[in-house]
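Containing PDB, C-alpha atoms: structure.pdb.
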ATOM      1  CA  MET A   1       9.438 -28.751   7.653
ATOM      2  CA  LEU A   2       5.962 -27.228   7.503
ATOM      3  CA  PRO A   3       3.381 -29.247   5.534
ATOM      4  CA  SER A   4       2.327 -26.035   3.772
ATOM      5  CA  ARG A   5       3.472 -22.429   3.690
ATOM      6  CA  TYR A   6      -0.086 -21.128   3.422
ATOM      7  CA  PHE A   7      -1.067 -19.403   6.677
ATOM      8  CA  ILE A   8      -4.639 -20.708   6.633
ATOM      9  CA  ASP A   9      -3.502 -24.329   6.257
ATOM     10  CA  LEU A  10      -1.593 -24.229   9.545
ATOM     11  CA  THR A  11      -2.503 -24.476  13.214
ATOM     12  CA  GLN A  12      -1.903 -21.728  15.750
ATOM     13  CA  PRO A  13       1.107 -23.477  17.357
ATOM     14  CA  GLU A  14       2.669 -24.045  13.926
ATOM     15  CA  ILE A  15       2.249 -20.362  13.032
ATOM     16  CA  ALA A  16       3.595 -19.192  16.395
ATOM     17  CA  ALA A  17       6.667 -21.416  16.071
ATOM     18  CA  GLN A  18       7.314 -20.323  12.492
ATOM     19  CA  LEU A  19       7.069 -16.597  13.295
ATOM     20  CA  LYS A  20       9.514 -17.131  16.135
ATOM     21  CA  ALA A  21      11.916 -19.033  13.871
ATOM     22  CA  ASN A  22      11.694 -16.511  11.018
ATOM     23  CA  PRO A  23       9.312 -13.513  11.264
ATOM     24  CA  LEU A  24       8.766 -13.228   7.494
ATOM     25  CA  VAL A  25       5.293 -13.071   5.948
ATOM     26  CA  ILE A  26       4.406 -12.853   2.267
ATOM     27  CA  LEU A  27       1.249 -11.119   1.092
ATOM     28  CA  PRO A  28       0.005 -12.098  -2.388
ATOM     29  CA  ALA A  29      -1.754  -9.278  -4.226
ATOM     30  CA  GLY A  30      -3.889  -9.686  -7.320
ATOM     31  CA  SER A  31      -7.416  -9.129  -8.558
ATOM     32  CA  VAL A  32     -10.588 -10.707  -9.850
ATOM     33  CA  GLU A  33     -11.152  -9.551 -13.421
ATOM     34  CA  GLN A  34     -11.992 -10.811 -16.881
ATOM     35  CA  HIS A  35      -9.201 -12.554 -18.790
ATOM     36  CA  GLY A  36     -10.910 -13.526 -22.001
ATOM     37  CA  PRO A  37     -12.572 -16.853 -22.816
ATOM     38  CA  HIS A  38      -9.620 -19.071 -21.876
ATOM     39  CA  LEU A  39      -8.394 -17.921 -18.441
ATOM     40  CA  PRO A  40     -10.212 -17.643 -15.088
ATOM     41  CA  THR A  41     -11.149 -14.344 -13.499
ATOM     42  CA  GLY A  42      -8.822 -15.234 -10.611
ATOM     43  CA  THR A  43      -5.735 -15.335 -12.841
ATOM     44  CA  ASP A  44      -3.894 -12.521 -11.036
ATOM     45  CA  ILE A  45      -4.469 -13.730  -7.481
ATOM     46  CA  PHE A  46      -3.770 -17.343  -8.482
ATOM     47  CA  ALA A  47      -0.449 -16.230  -9.970
ATOM     48  CA  SER A  48       0.621 -14.306  -6.881
ATOM     49  CA  ASN A  49      -0.471 -17.112  -4.553
ATOM     50  CA  VAL A  50       1.445 -19.872  -6.317
ATOM     51  CA  ILE A  51       4.551 -17.723  -6.733
ATOM     52  CA  GLY A  52       4.221 -16.591  -3.121
ATOM     53  CA  HIS A  53       4.249 -20.169  -1.870
ATOM     54  CA  ALA A  54       7.311 -21.033  -3.960
ATOM     55  CA  VAL A  55       9.113 -17.961  -2.608
ATOM     56  CA  ALA A  56       8.059 -18.838   0.950
ATOM     57  CA  GLU A  57       9.650 -22.259   0.575
ATOM     58  CA  ARG A  58      12.906 -20.625  -0.517
ATOM     59  CA  MET A  59      12.885 -17.925   2.168
ATOM     60  CA  ASP A  60      11.353 -19.883   5.068
ATOM     61  CA  GLY A  61       8.298 -17.644   5.305
ATOM     62  CA  LEU A  62       4.508 -17.827   5.567
ATOM     63  CA  VAL A  63       2.004 -16.866   2.841
ATOM     64  CA  LEU A  64      -0.766 -14.729   4.261
ATOM     65  CA  PRO A  65      -4.386 -15.234   3.212
ATOM     66  CA  ALA A  66      -4.903 -12.353   0.801
ATOM     67  CA  THR A  67      -8.123 -10.868  -0.439
ATOM     68  CA  PRO A  68      -8.632 -12.065  -4.025
ATOM     69  CA  PHE A  69      -9.853  -8.596  -4.974
ATOM     70  CA  GLY A  70      -7.837  -5.632  -6.132
ATOM     71  CA  VAL A  71      -8.219  -2.152  -7.581
ATOM     72  CA  THR A  72      -9.348  -2.808 -11.128
ATOM     73  CA  PRO A  73     -11.829  -0.260 -12.476
ATOM     74  CA  MET A  74     -10.036  -0.697 -15.809
ATOM     75  CA  HIS A  75     -11.849  -4.006 -16.341
ATOM     76  CA  MET A  76     -15.321  -3.087 -15.082
ATOM     77  CA  PRO A  77     -16.835  -2.885 -18.600
ATOM     78  CA  PHE A  78     -16.621  -6.692 -18.697
ATOM     79  CA  GLU A  79     -18.544  -9.177 -16.574
ATOM     80  CA  GLY A  80     -16.536 -11.195 -14.070
ATOM     81  CA  THR A  81     -14.680  -8.186 -12.694
ATOM     82  CA  ILE A  82     -14.924  -7.158  -9.021
ATOM     83  CA  SER A  83     -13.118  -3.976  -8.009
ATOM     84  CA  PHE A  84     -12.300  -2.398  -4.648
ATOM     85  CA  THR A  85     -11.801   1.340  -4.220
ATOM     86  CA  PRO A  86      -8.197   2.246  -3.363
ATOM     87  CA  ASP A  87      -9.202   3.198   0.212
ATOM     88  CA  THR A  88     -10.907  -0.142   0.812
ATOM     89  CA  TYR A  89      -8.008  -2.077  -0.671
ATOM     90  CA  MET A  90      -5.403  -0.208   1.364
ATOM     91  CA  ARG A  91      -7.350  -0.852   4.570
ATOM     92  CA  VAL A  92      -7.657  -4.579   3.865
ATOM     93  CA  VAL A  93      -3.945  -4.883   3.086
ATOM     94  CA  THR A  94      -2.886  -2.802   6.083
ATOM     95  CA  GLU A  95      -5.142  -4.498   8.631
ATOM     96  CA  THR A  96      -4.179  -7.967   7.395
ATOM     97  CA  CYS A  97      -0.490  -7.261   7.838
ATOM     98  CA  VAL A  98      -0.858  -5.356  11.118
ATOM     99  CA  SER A  99      -2.534  -8.420  12.630
ATOM    100  CA  THR A 100       0.568 -10.486  11.895
ATOM    101  CA  ALA A 101       2.891  -7.727  13.119
ATOM    102  CA  ARG A 102       1.173  -7.872  16.501
ATOM    103  CA  HIS A 103       2.077 -11.544  16.688
ATOM    104  CA  GLY A 104       5.722 -11.074  15.805
ATOM    105  CA  ALA A 105       5.980 -10.708  12.023
ATOM    106  CA  LYS A 106       8.763  -8.231  11.259
ATOM    107  CA  TYR A 107       9.478  -8.703   7.567
ATOM    108  CA  LEU A 108       6.796  -8.268   4.911
ATOM    109  CA  LEU A 109       7.172  -9.202   1.261
ATOM    110  CA  ILE A 110       4.232  -7.971  -0.824
ATOM    111  CA  LEU A 111       4.072 -10.007  -4.013
ATOM    112  CA  ASN A 112       1.863  -8.318  -6.604
ATOM    113  CA  TRP A 113       0.643  -9.513 -10.015
ATOM    114  CA  HIS A 114      -1.887  -6.746 -10.791
ATOM    115  CA  GLU A 115      -0.686  -3.369 -12.068
ATOM    116  CA  GLY A 116      -3.785  -1.556 -10.853
ATOM    117  CA  ASN A 117      -2.766  -2.287  -7.248
ATOM    118  CA  ILE A 118       0.615  -0.581  -7.456
ATOM    119  CA  PRO A 119      -0.293   2.935  -6.171
ATOM    120  CA  SER A 120      -2.430   1.592  -3.304
ATOM    121  CA  LEU A 121       0.202  -0.934  -2.265
ATOM    122  CA  ALA A 122       2.860   1.784  -2.196
ATOM    123  CA  ILE A 123       0.810   3.833   0.277
ATOM    124  CA  ALA A 124      -0.042   0.790   2.398
ATOM    125  CA  ALA A 125       3.601  -0.326   2.464
ATOM    126  CA  GLU A 126       4.670   3.122   3.642
ATOM    127  CA  ALA A 127       2.187   3.014   6.528
ATOM    128  CA  LEU A 128       3.127  -0.538   7.502
ATOM    129  CA  HIS A 129       6.746   0.508   7.822
ATOM    130  CA  ARG A 130       6.409   3.935   9.417
ATOM    131  CA  GLU A 131       3.419   3.320  11.681
ATOM    132  CA  HIS A 132       3.816  -0.372  12.493
ATOM    133  CA  GLY A 133       7.557  -0.981  12.270
ATOM    134  CA  MET A 134       7.550  -3.668   9.597
ATOM    135  CA  THR A 135      10.411  -3.976   7.128
ATOM    136  CA  VAL A 136       8.573  -3.984   3.812
ATOM    137  CA  LEU A 137       9.555  -4.971   0.287
ATOM    138  CA  THR A 138       7.077  -4.926  -2.607
ATOM    139  CA  VAL A 139       7.815  -7.060  -5.658
ATOM    140  CA  GLN A 140       5.940  -6.634  -8.940
ATOM    141  CA  ALA A 141       5.976 -10.317  -9.837
ATOM    142  CA  CYS A 142       4.321  -9.727 -13.205
ATOM    143  CA  TYR A 143       7.252  -7.531 -14.222
ATOM    144  CA  VAL A 144       9.733 -10.153 -13.018
ATOM    145  CA  ALA A 145       7.891 -12.620 -15.250
ATOM    146  CA  GLU A 146       8.143 -10.197 -18.149
ATOM    147  CA  GLU A 147      11.885  -9.734 -17.601
ATOM    148  CA  LEU A 148      12.470 -13.488 -17.632
ATOM    149  CA  TYR A 149       9.910 -14.676 -20.181
ATOM    150  CA  GLY A 150       8.758 -11.656 -22.161
ATOM    151  CA  HIS A 151      11.146 -12.391 -25.006
ATOM    152  CA  SER A 152       9.747 -15.894 -25.517
ATOM    153  CA  CYS A 153       6.090 -15.149 -24.740
ATOM    154  CA  ASN A 154       5.435 -12.069 -26.868
ATOM    155  CA  GLY A 155       5.655  -9.763 -23.858
ATOM    156  CA  LEU A 156       3.427  -9.307 -20.814
ATOM    157  CA  THR A 157      -0.093  -9.046 -22.228
ATOM    158  CA  HIS A 158      -3.508  -9.244 -20.623
ATOM    159  CA  GLY A 159      -4.580 -12.854 -21.138
ATOM    160  CA  GLY A 160      -1.446 -13.803 -23.048
ATOM    161  CA  GLU A 161       1.043 -16.628 -22.636
ATOM    162  CA  ILE A 162       2.736 -15.397 -19.453
ATOM    163  CA  GLU A 163      -0.577 -15.259 -17.617
ATOM    164  CA  ALA A 164      -1.638 -18.618 -19.022
ATOM    165  CA  LEU A 165       1.625 -20.134 -17.778
ATOM    166  CA  ALA A 166       1.078 -18.698 -14.295
ATOM    167  CA  VAL A 167      -2.340 -20.350 -14.014
ATOM    168  CA  LEU A 168      -1.010 -23.595 -15.495
ATOM    169  CA  ALA A 169       1.535 -23.638 -12.661
ATOM    170  CA  TYR A 170      -1.315 -23.241 -10.161
ATOM    171  CA  ARG A 171      -4.253 -25.215 -11.549
ATOM    172  CA  PRO A 172      -3.983 -26.505 -15.116
ATOM    173  CA  ASP A 173      -7.667 -27.456 -15.137
ATOM    174  CA  LEU A 174      -8.612 -23.759 -15.145
ATOM    175  CA  VAL A 175      -6.834 -23.009 -18.417
ATOM    176  CA  HIS A 176      -8.905 -23.568 -21.580
ATOM    177  CA  LEU A 177      -6.609 -23.128 -24.549
ATOM    178  CA  ASP A 178      -9.229 -24.743 -26.781
ATOM    179  CA  ARG A 179     -11.454 -21.694 -26.183
ATOM    180  CA  ILE A 180      -8.985 -19.050 -27.393
ATOM    181  CA  ASP A 181     -10.913 -16.556 -29.479
ATOM    182  CA  TYR A 182     -11.313 -12.868 -30.379
ATOM    183  CA  SER A 183      -7.880 -11.583 -29.326
ATOM    184  CA  SER A 184      -7.540  -7.855 -29.921
ATOM    185  CA  ASP A 185      -4.911  -6.410 -32.241
ATOM    186  CA  HIS A 186      -1.429  -7.158 -30.910
ATOM    187  CA  ALA A 187       0.308  -4.103 -32.370
ATOM    188  CA  HIS A 188      -2.165  -1.687 -30.796
ATOM    189  CA  GLY A 189      -2.131  -3.561 -27.461
ATOM    190  CA  HIS A 190       1.654  -3.494 -27.209
ATOM    191  CA  LYS A 191       1.730   0.191 -28.177
ATOM    192  CA  MET A 192      -0.733   1.171 -25.439
ATOM    193  CA  ASP A 193       0.885  -1.062 -22.816
ATOM    194  CA  LYS A 194       4.262   0.514 -23.567
ATOM    195  CA  LEU A 195       2.703   3.973 -23.232
ATOM    196  CA  ARG A 196       1.311   3.315 -19.744
ATOM    197  CA  ARG A 197       4.358   1.483 -18.384
ATOM    198  CA  THR A 198       6.974   4.191 -18.833
ATOM    199  CA  ARG A 199       8.532   5.755 -15.744
ATOM    200  CA  SER A 200       8.264   9.346 -16.970
ATOM    201  CA  PHE A 201       4.750   9.626 -18.395
ATOM    202  CA  GLN A 202       1.634   7.943 -16.957
ATOM    203  CA  PRO A 203      -1.550   8.584 -18.939
ATOM    204  CA  VAL A 204      -4.921   7.676 -17.433
ATOM    205  CA  LEU A 205      -6.761   5.284 -19.730
ATOM    206  CA  THR A 206     -10.542   5.067 -19.620
ATOM    207  CA  ASP A 207     -10.599   1.278 -19.399
ATOM    208  CA  ILE A 208      -9.098  -1.913 -20.855
ATOM    209  CA  ARG A 209     -10.803  -1.241 -24.183
ATOM    210  CA  SER A 210      -8.219   1.504 -24.767
ATOM    211  CA  ILE A 211      -5.666  -1.308 -24.907
ATOM    212  CA  ALA A 212      -7.721  -4.239 -26.160
ATOM    213  CA  ALA A 213     -11.203  -3.677 -27.561
ATOM    214  CA  THR A 214     -12.223  -7.265 -26.787
ATOM    215  CA  GLY A 215     -10.757  -7.157 -23.265
ATOM    216  CA  TRP A 216      -7.659  -9.241 -23.939
ATOM    217  CA  PHE A 217      -4.796  -9.775 -26.371
ATOM    218  CA  GLY A 218      -1.859 -12.116 -26.688
ATOM    219  CA  SER A 219      -0.706 -15.493 -27.966
ATOM    220  CA  PRO A 220      -1.329 -18.070 -25.226
ATOM    221  CA  GLN A 221      -1.728 -21.046 -27.559
ATOM    222  CA  HIS A 222       1.822 -22.292 -26.958
ATOM    223  CA  ALA A 223       1.521 -22.400 -23.167
ATOM    224  CA  THR A 224       2.104 -25.782 -21.506
ATOM    225  CA  ALA A 225       2.044 -27.017 -17.929
ATOM    226  CA  GLU A 226       5.721 -27.958 -18.220
ATOM    227  CA  LYS A 227       6.684 -24.426 -19.267
ATOM    228  CA  GLY A 228       4.463 -23.036 -16.523
ATOM    229  CA  ALA A 229       6.314 -25.071 -13.897
ATOM    230  CA  ARG A 230       9.632 -23.896 -15.312
ATOM    231  CA  MET A 231       8.515 -20.258 -15.253
ATOM    232  CA  LEU A 232       7.341 -20.622 -11.642
ATOM    233  CA  THR A 233      10.731 -21.984 -10.595
ATOM    234  CA  ASP A 234      12.637 -19.249 -12.400
ATOM    235  CA  ILE A 235      10.487 -16.424 -11.016
ATOM    236  CA  ALA A 236      10.582 -17.781  -7.462
ATOM    237  CA  ASP A 237      14.361 -18.275  -7.612
ATOM    238  CA  LYS A 238      14.922 -14.712  -8.808
ATOM    239  CA  ILE A 239      12.549 -13.110  -6.305
ATOM    240  CA  ALA A 240      13.913 -15.093  -3.367
ATOM    241  CA  GLN A 241      17.521 -14.370  -4.267
ATOM    242  CA  GLU A 242      17.021 -10.638  -4.697
ATOM    243  CA  ALA A 243      14.609 -10.262  -1.766
ATOM    244  CA  LYS A 244      17.084 -11.892   0.630
ATOM    245  CA  GLU A 245      19.755  -9.428  -0.438
ATOM    246  CA  ILE A 246      17.427  -6.423  -0.209
ATOM    247  CA  PHE A 247      16.232  -7.396   3.272
ATOM    248  CA  ARG A 248      19.878  -7.802   4.291
ATOM    249  CA  GLN A 249      20.635  -4.294   3.066
ATOM    250  CA  LEU A 250      17.574  -2.880   4.816
ATOM    251  CA  ASP A 251      18.684  -4.482   8.077
ATOM    252  CA  GLN A 252      21.967  -2.613   7.776
ATOM    253  CA  VAL A 253      20.488   0.824   7.152
ATOM    254  CA  GLN A 254      17.041   0.775   8.741
ATOM    255  CA  GLY A 255      16.603   4.002  10.644
ATOM    256  CA  GLY A 256      19.549   5.612   8.883
ATOM    257  CA  THR A 257      22.132   5.072  11.633
ATOM    258  CA  ALA A 258      24.504   3.064   9.466
ATOM    259  CA  GLU A 259      24.558   5.812   6.853
ATOM    260  CA  ILE A 260      25.121   8.514   9.498
ATOM    261  CA  ARG A 261      28.081   6.593  10.942
ATOM    262  CA  GLN A 262      29.550   6.209   7.450
ATOM    263  CA  LEU A 263      29.218   9.943   6.751
ATOM    264  CA  ARG A 264      30.885  10.812  10.050
ATOM    265  CA  GLN A 265      33.799   8.532   9.252
ATOM    266  CA  ALA A 266      34.140  10.073   5.803
ATOM    267  CA  GLY A 267      34.194  13.572   7.359
TER     268      GLY A 267
END

What do you get writing this file as structure tokens?
Amino acid sequence: MLPSRYFIDLTQPEIAAQLKANPLVILPAGSVEQHGPHLPTGTDIFASNVIGHAVAERMDGLVLPATPFGVTPMHMPFEGTISFTPDTYMRVVTETCVSTARHGAKYLLILNWHEGNIPSLAIAAEALHREHGMTVLTVQACYVAEELYGHSCNGLTHGGEIEALAVLAYRPDLVHLDRIDYSSDHAHGHKMDKLRRTRSFQPVLTDIRSIAATGWFGSPQHATAEKGARMLTDIADKIAQEAKEIFRQLDQVQGGTAEIRQLRQAG
């Protein structure tokens, strides 16, 4: 049993042995951006890191050291935000994962908590598969959290309860529920979030103020460390269970030969 699943906590022989035993690596993806007066700017990367480690324990993988930064021009009007361009972000993601592929990593699970990263991660994932031979699965962990806890946490909001719970599961000392103040209007925030999250129509919003004038909205006051730990377990269980099955299916059809054989038999 490894003492930690975090890549940078381990020695070279430990990493070499683990990649040989199971060539699965997990890349957390997040951002550094403002989250109101009560949550740290690292909320998104903290969430993906802690969930990534819990998934790694369940899938016998390693958690790669991810850049804390993401593509987040949406939040640049507020101090505390650091944003990469999509090109820079894609290069960092790709070169990080290619380094592990050269040492034997074959399966890559990208675990993302920041919506602004989604287009860039899709392009990077495509290149990592087609140009470097990795079997890649991207999981939008924030949406998994919404599926499991949205009904009890007033949805997935920027700076709301779900995000507070994620940080509580990582480092409770970084959550300051006593500082909750100036939440933007909930009805407007939910309306705009729903507008930008549909599959059919994707409007470009100027910045976060189109959703929340004060930079955040939600109801995090009921978040507790106990509920955060429970949410972490539930999210990690669901991701690990589904990811194992998806990787199994990809192993069967990678390259298309299994499908071709099936079509020939049917003919």

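Ranking A:Ile246, A:Val253, A:Leu64, A:Ala212 by their shortest atom-to-atom distance to Pro77 (chain A), with all atoms listed in the file included, puts A:Ala212 first.
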
task = Tell me which of A:His132, A:His75, A:His176, A:Arg209 sits closest to Ser99 (chain A), counting only C-alpha atoms.
result =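 Closest candidate: A:His132.
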
task = Select, from A:Met74, A:Ile239, A:Val136, A:Leu62, the residue with the minimum atom-to-atom distance to Ile8 (chain A), counting all atoms listed in the file.
result = A:Leu62

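Of the listed residues (A:Val92, A:Leu10, A:Ile26, A:Leu128), A:Ile26 comes nearest to Arg58 (chain A); the distances count all atoms listed in the file.
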
ask   = Hey, which of A:Thr41, A:Thr224, A:Ser83, A:Gln252 ends up closest to Thr135 (chain A)? Count all atoms listed in the file.
value = A:Gln252

remark   = Expressed in Å, the length from CA of Asp185 (chain A) to CA of Gly218 (chain A) is 8.5 Å

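Taken over the shown file, the PyMOL selection byres ((chain A and resi 237) around 12) identifies Ile51, Gly52, His53, Ala54, Val55, Ala56, Glu57, Arg58, Met59, Ala141, Val144, Ala145, Leu148, Arg230, Met231, Leu232, Thr233, Asp234, Ile235, Ala236, Lys238, Ile239, Ala240, Gln241, Glu242, Ala243 and Lys244 of chain A.
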
Writer output for current selection, C-alpha atoms, as a PDB file, keeping the file's coordinate frame:
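File produced: out.pdb:
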ATOM      1  CA  ILE A  51       4.551 -17.723  -6.733  1.00  0.00           C
ATOM      2  CA  GLY A  52       4.221 -16.591  -3.121  1.00  0.00           C
ATOM      3  CA  HIS A  53       4.249 -20.169  -1.870  1.00  0.00           C
ATOM      4  CA  ALA A  54       7.311 -21.033  -3.960  1.00  0.00           C
ATOM      5  CA  VAL A  55       9.113 -17.961  -2.608  1.00  0.00           C
ATOM      6  CA  ALA A  56       8.059 -18.838   0.950  1.00  0.00           C
ATOM      7  CA  GLU A  57       9.650 -22.259   0.575  1.00  0.00           C
ATOM      8  CA  ARG A  58      12.906 -20.625  -0.517  1.00  0.00           C
ATOM      9  CA  MET A  59      12.885 -17.925   2.168  1.00  0.00           C
ATOM     10  CA  ALA A 141       5.976 -10.317  -9.837  1.00  0.00           C
ATOM     11  CA  VAL A 144       9.733 -10.153 -13.018  1.00  0.00           C
ATOM     12  CA  ALA A 145       7.891 -12.620 -15.250  1.00  0.00           C
ATOM     13  CA  LEU A 148      12.470 -13.488 -17.632  1.00  0.00           C
ATOM     14  CA  ARG A 230       9.632 -23.896 -15.312  1.00  0.00           C
ATOM     15  CA  MET A 231       8.515 -20.258 -15.253  1.00  0.00           C
ATOM     16  CA  LEU A 232       7.341 -20.622 -11.642  1.00  0.00           C
ATOM     17  CA  THR A 233      10.731 -21.984 -10.595  1.00  0.00           C
ATOM     18  CA  ASP A 234      12.637 -19.249 -12.400  1.00  0.00           C
ATOM     19  CA  ILE A 235      10.487 -16.424 -11.016  1.00  0.00           C
ATOM     20  CA  ALA A 236      10.582 -17.781  -7.462  1.00  0.00           C
ATOM     21  CA  LYS A 238      14.922 -14.712  -8.808  1.00  0.00           C
ATOM     22  CA  ILE A 239      12.549 -13.110  -6.305  1.00  0.00           C
ATOM     23  CA  ALA A 240      13.913 -15.093  -3.367  1.00  0.00           C
ATOM     24  CA  GLN A 241      17.521 -14.370  -4.267  1.00  0.00           C
ATOM     25  CA  GLU A 242      17.021 -10.638  -4.697  1.00  0.00           C
ATOM     26  CA  ALA A 243      14.609 -10.262  -1.766  1.00  0.00           C
ATOM     27  CA  LYS A 244      17.084 -11.892   0.630  1.00  0.00           C
TER      28      LYS A 244
END

task = One decimal, Å: what's the distance from CA of Ala29 (chain A) over to CA of Tyr143 (chain A), could you say?
result =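 It comes out at 13.6 Å.
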
query = Out of A:Pro86, A:Pro13, A:Gly80, A:Gly116, which residue has the shortest atom-to-atom distance to Arg197 (chain A) when counting all atoms listed in the file?
reply = A:Gly116

Produce region 35-112 of chain A of the given structure as output with C-alpha atoms, as a PDB file, in the first residue's frame.
ATOM      1  CA  HIS A  35     -14.848  32.689  -4.469  1.00  0.00           C
ATOM      2  CA  GLY A  36     -16.283  35.422  -2.313  1.00  0.00           C
ATOM      3  CA  PRO A  37     -15.274  36.325   1.245  1.00  0.00           C
ATOM      4  CA  HIS A  38     -15.621  32.826   2.712  1.00  0.00           C
ATOM      5  CA  LEU A  39     -13.782  30.432   0.363  1.00  0.00           C
ATOM      6  CA  PRO A  40     -10.150  30.380  -0.833  1.00  0.00           C
ATOM      7  CA  THR A  41      -9.110  31.254  -4.359  1.00  0.00           C
ATOM      8  CA  GLY A  42      -7.848  27.673  -4.725  1.00  0.00           C
ATOM      9  CA  THR A  43     -11.307  26.167  -4.199  1.00  0.00           C
ATOM     10  CA  ASP A  44     -11.498  24.497  -7.625  1.00  0.00           C
ATOM     11  CA  ILE A  45      -8.042  22.920  -7.619  1.00  0.00           C
ATOM     12  CA  PHE A  46      -8.407  21.875  -3.970  1.00  0.00           C
ATOM     13  CA  ALA A  47     -11.672  20.132  -4.853  1.00  0.00           C
ATOM     14  CA  SER A  48     -10.204  18.241  -7.796  1.00  0.00           C
ATOM     15  CA  ASN A  49      -7.091  17.272  -5.832  1.00  0.00           C
ATOM     16  CA  VAL A  50      -8.930  15.813  -2.851  1.00  0.00           C
ATOM     17  CA  ILE A  51     -11.450  13.999  -5.041  1.00  0.00           C
ATOM     18  CA  GLY A  52      -8.615  12.808  -7.273  1.00  0.00           C
ATOM     19  CA  HIS A  53      -6.806  11.230  -4.340  1.00  0.00           C
ATOM     20  CA  ALA A  54      -9.965   9.475  -3.144  1.00  0.00           C
ATOM     21  CA  VAL A  55     -10.558   8.127  -6.656  1.00  0.00           C
ATOM     22  CA  ALA A  56      -6.915   7.035  -6.914  1.00  0.00           C
ATOM     23  CA  GLU A  57      -7.304   4.992  -3.744  1.00  0.00           C
ATOM     24  CA  ARG A  58     -10.334   3.247  -5.242  1.00  0.00           C
ATOM     25  CA  MET A  59      -8.774   2.666  -8.666  1.00  0.00           C
ATOM     26  CA  ASP A  60      -5.153   2.008  -7.642  1.00  0.00           C
ATOM     27  CA  GLY A  61      -3.805   5.024  -9.511  1.00  0.00           C
ATOM     28  CA  LEU A  62      -1.485   8.001  -9.043  1.00  0.00           C
ATOM     29  CA  VAL A  63      -2.536  11.668  -8.781  1.00  0.00           C
ATOM     30  CA  LEU A  64      -0.367  13.843 -10.976  1.00  0.00           C
ATOM     31  CA  PRO A  65       0.878  17.233  -9.787  1.00  0.00           C
ATOM     32  CA  ALA A  66      -1.441  19.601 -11.629  1.00  0.00           C
ATOM     33  CA  THR A  67      -1.023  23.276 -12.281  1.00  0.00           C
ATOM     34  CA  PRO A  68      -3.363  25.135  -9.911  1.00  0.00           C
ATOM     35  CA  PHE A  69      -4.254  27.530 -12.723  1.00  0.00           C
ATOM     36  CA  GLY A  70      -6.964  27.199 -15.318  1.00  0.00           C
ATOM     37  CA  VAL A  71      -8.718  29.142 -18.058  1.00  0.00           C
ATOM     38  CA  THR A  72     -10.812  31.641 -16.145  1.00  0.00           C
ATOM     39  CA  PRO A  73     -11.127  35.035 -17.832  1.00  0.00           C
ATOM     40  CA  MET A  74     -14.693  35.056 -16.492  1.00  0.00           C
ATOM     41  CA  HIS A  75     -13.378  35.950 -13.029  1.00  0.00           C
ATOM     42  CA  MET A  76     -10.678  38.466 -13.959  1.00  0.00           C
ATOM     43  CA  PRO A  77     -12.735  41.497 -12.821  1.00  0.00           C
ATOM     44  CA  PHE A  78     -12.062  40.362  -9.243  1.00  0.00           C
ATOM     45  CA  GLU A  79      -8.733  40.270  -7.426  1.00  0.00           C
ATOM     46  CA  GLY A  80      -7.350  36.844  -6.574  1.00  0.00           C
ATOM     47  CA  THR A  81      -7.939  35.422 -10.042  1.00  0.00           C
ATOM     48  CA  ILE A  82      -5.079  34.103 -12.206  1.00  0.00           C
ATOM     49  CA  SER A  83      -5.974  32.945 -15.709  1.00  0.00           C
ATOM     50  CA  PHE A  84      -4.070  31.040 -18.392  1.00  0.00           C
ATOM     51  CA  THR A  85      -4.850  31.402 -22.089  1.00  0.00           C
ATOM     52  CA  PRO A  86      -6.332  28.224 -23.589  1.00  0.00           C
ATOM     53  CA  ASP A  87      -3.118  27.566 -25.572  1.00  0.00           C
ATOM     54  CA  THR A  88      -0.942  27.810 -22.469  1.00  0.00           C
ATOM     55  CA  TYR A  89      -3.278  25.612 -20.455  1.00  0.00           C
ATOM     56  CA  MET A  90      -3.485  22.945 -23.150  1.00  0.00           C
ATOM     57  CA  ARG A  91       0.310  22.830 -23.419  1.00  0.00           C
ATOM     58  CA  VAL A  92       0.759  22.446 -19.659  1.00  0.00           C
ATOM     59  CA  VAL A  93      -1.825  19.658 -19.491  1.00  0.00           C
ATOM     60  CA  THR A  94      -0.462  17.863 -22.548  1.00  0.00           C
ATOM     61  CA  GLU A  95       3.211  18.048 -21.580  1.00  0.00           C
ATOM     62  CA  THR A  96       2.480  16.935 -18.013  1.00  0.00           C
ATOM     63  CA  CYS A  97       0.664  13.837 -19.197  1.00  0.00           C
ATOM     64  CA  VAL A  98       3.075  13.043 -22.039  1.00  0.00           C
ATOM     65  CA  SER A  99       5.907  12.891 -19.503  1.00  0.00           C
ATOM     66  CA  THR A 100       4.094  10.125 -17.636  1.00  0.00           C
ATOM     67  CA  ALA A 101       3.184   8.322 -20.865  1.00  0.00           C
ATOM     68  CA  ARG A 102       6.882   8.062 -21.684  1.00  0.00           C
ATOM     69  CA  HIS A 103       7.376   6.250 -18.396  1.00  0.00           C
ATOM     70  CA  GLY A 104       4.569   3.773 -18.911  1.00  0.00           C
ATOM     71  CA  ALA A 105       1.294   5.501 -18.019  1.00  0.00           C
ATOM     72  CA  LYS A 106      -1.405   4.213 -20.366  1.00  0.00           C
ATOM     73  CA  TYR A 107      -4.665   5.296 -18.765  1.00  0.00           C
ATOM     74  CA  LEU A 108      -5.443   8.939 -18.015  1.00  0.00           C
ATOM     75  CA  LEU A 109      -8.378  10.162 -15.959  1.00  0.00           C
ATOM     76  CA  ILE A 110      -8.736  13.951 -16.120  1.00  0.00           C
ATOM     77  CA  LEU A 111     -10.755  15.104 -13.132  1.00  0.00           C
ATOM     78  CA  ASN A 112     -12.024  18.652 -13.626  1.00  0.00           C
TER      79      ASN A 112
END
